[in-house]
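A.B. asks: This is the structure I want to talk about, given as structure tokens.
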Amino acid sequence: MTDMEKAEAPLTEPFLVAVAEAEKLIAAADFIRDPHDLAEGYDYLQGSIAAVLQLSRAHGTSHPYFVSSTGPYTKMGLDNPDTLYYHATIEPNAEYLLTGVRGSTADLSFQVLKGDYTATDVPNGDDAFDDRRLQINEDGGYQLRFGPPKENPEPNYFVLGEGASMLAVREVYGDWNAERKGSIRIERVNTIGTAPVEAGVEQLRKRYRAAGRMLLTRVHTWFNFPKWFYLNLPVNTLTEPRLTPGGLSTQYSSVGHFELEDDQALIITVPKSDAPYQGFQLGSRWYISLDYVNHQSSLNHRQAQVDPDGMIRMVVSARNPGIANWIETTGRKLGILQFRWQRTDRPITPQDGPTIELVPLDKVAERLPHYEHNRIDEAGWRERIAARQRGFAERMLG
């Protein structure tokens, strides 16, 4: 080992410094009320560390491949329990071939993002669309290409906007147990059949630096996001449906935040939508989903019980009100409320949106007009949770 190599800082040092700084940010969060909140923050940090180390390795653009953007163990950005998130790193001046087979899920969508995770805003909407824009074969197979603008592009060719750096794919489930995801791969056209250059020490040093920057950006961004879009709203309320900022052109959302004591509940009533996907979830103040596998902290249009009048009535509470559409706060007094409608072909109006009422928990039964229809016993509840656990386990394989 040379004197220069001895004097050089350890390869991982910038990343370890970032981890220590991120831990300080987590511990100092102003919404921490008890050790449970702090433990959740440290768990979120561990998932974030795992995520950025993986993503920094997948950051090369010469031979892109899809990686999980966020998932059950690397949560961020109020991840939707019904969604599989993938992305690949791209460059705006190259051409990419995507080959896939459409599964049976409720929605499949594509979005091109810039380095700051905002849409590239291509004028004809090529930066955010669902698979209704594609030509799909009878067997479900499809191919699409992304690349620079060109004359007379073939069908399924989509333009990459200025600054394009990421191609995101979302596959959204309705019935976790019956629907099956599709398959997809990406190739950079001018590198097909070649091998990438192996990483050297200097490139690995840059990866660790990049991972450190990604970690701190991740923590800072999602700390602030609820403050920008949720916490300025009156507590225990929901907005009218609106197009999701920076999201898909066919996605609407209704948002809010809750603060509940153990003896309080929110009754949320919403019409069952004619949109192909309608989902509701709770999130923590870390802006991630709650445990949606072992708890019913979310419900979508296929999972929710619908009342005889066509309404879905959900009860958000810490304690079990004994109904099928109980949404569990899993011990959290503070959190996020989020509705999504996707693959829409018309505006989602205020009449399509939710109403919300804060009530004492012991008044839930008298406030639900179809309470007897809504009731569930312990065995029925355990079967609901078992169905979630099984559907999740199958969804995550392959």
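Naming works like this for the structure tokens: A, B, ... for the chains as they're shown, residue 1 at the start of each chain, ligands 1 onward in shown order.
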Wanna dump the region 211-250 of chain A-region 342-358 of chain A contacts at 8 Å for me, each residue with its shortest atom pair and the distance in Å to one decimal, counting only C-alpha atoms, ordered by chain and number, as CSV?
C.D. replies:
```
residue,atom,partner,partner_atom,distance
A:Asn236,CA,A:Leu358,CA,7.1
A:Thr237,CA,A:Ile356,CA,6.4
A:Leu238,CA,A:Ile356,CA,7.0
A:Glu240,CA,A:Pro350,CA,5.4
A:Pro241,CA,A:Gly353,CA,5.8
A:Arg242,CA,A:Ile348,CA,7.4
A:Thr250,CA,A:Thr344,CA,5.2
```
A.B. asks: Can you list, as an NGL selection string, every protein, DNA or RNA residue that comes within 10 Å of Phe31 (chain A) when you count only C-alpha atoms, leaving out same-chain residues fewer than 5 positions away?
C.D. replies: :A and (37-38 or 285-286 or 334-335)
A.B. asks: Counting only C-alpha atoms, which of A:Gly182, A:Pro271, A:Gly391, A:Pro14 gets nearest to Leu108 (chain A)?
C.D. replies: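 That would be A:Gly182, the residue with the smallest distance to Leu108 (chain A).
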A.B. asks: For Gln111 (chain A), find every residue with an atom within 6 Å (counting only C-alpha atoms), except residues of its own chain fewer than 6 positions away, and show them as a CSV table (one decimal) with N, CA and C atoms, in the first residue's frame.
C.D. replies:
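New file part.csv:
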```csv
chain,number,residue,atom,x,y,z
A,127,ASP,N,-44.6,12.2,-20.9
A,127,ASP,CA,-43.9,12.0,-19.6
A,127,ASP,C,-44.7,11.3,-18.5
A,128,ALA,N,-46.0,11.1,-18.7
A,128,ALA,CA,-46.8,10.5,-17.7
A,128,ALA,C,-48.1,9.9,-18.4
A,167,LEU,N,-37.0,6.7,-15.5
A,167,LEU,CA,-38.2,6.1,-16.0
A,167,LEU,C,-38.9,5.3,-14.9
A,168,ALA,N,-40.0,5.8,-14.4
A,168,ALA,CA,-40.7,5.1,-13.3
A,168,ALA,C,-41.9,4.3,-13.8
```
A.B. asks: When distances are computed from only C-alpha atoms, which of A:Phe129, A:Tyr287, A:Phe258, A:Tyr42 shows the smallest separation from Asn156 (chain A)?
C.D. replies: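 Among A:Phe129, A:Tyr287, A:Phe258, A:Tyr42, it is A:Phe129 that comes nearest to Asn156 (chain A).
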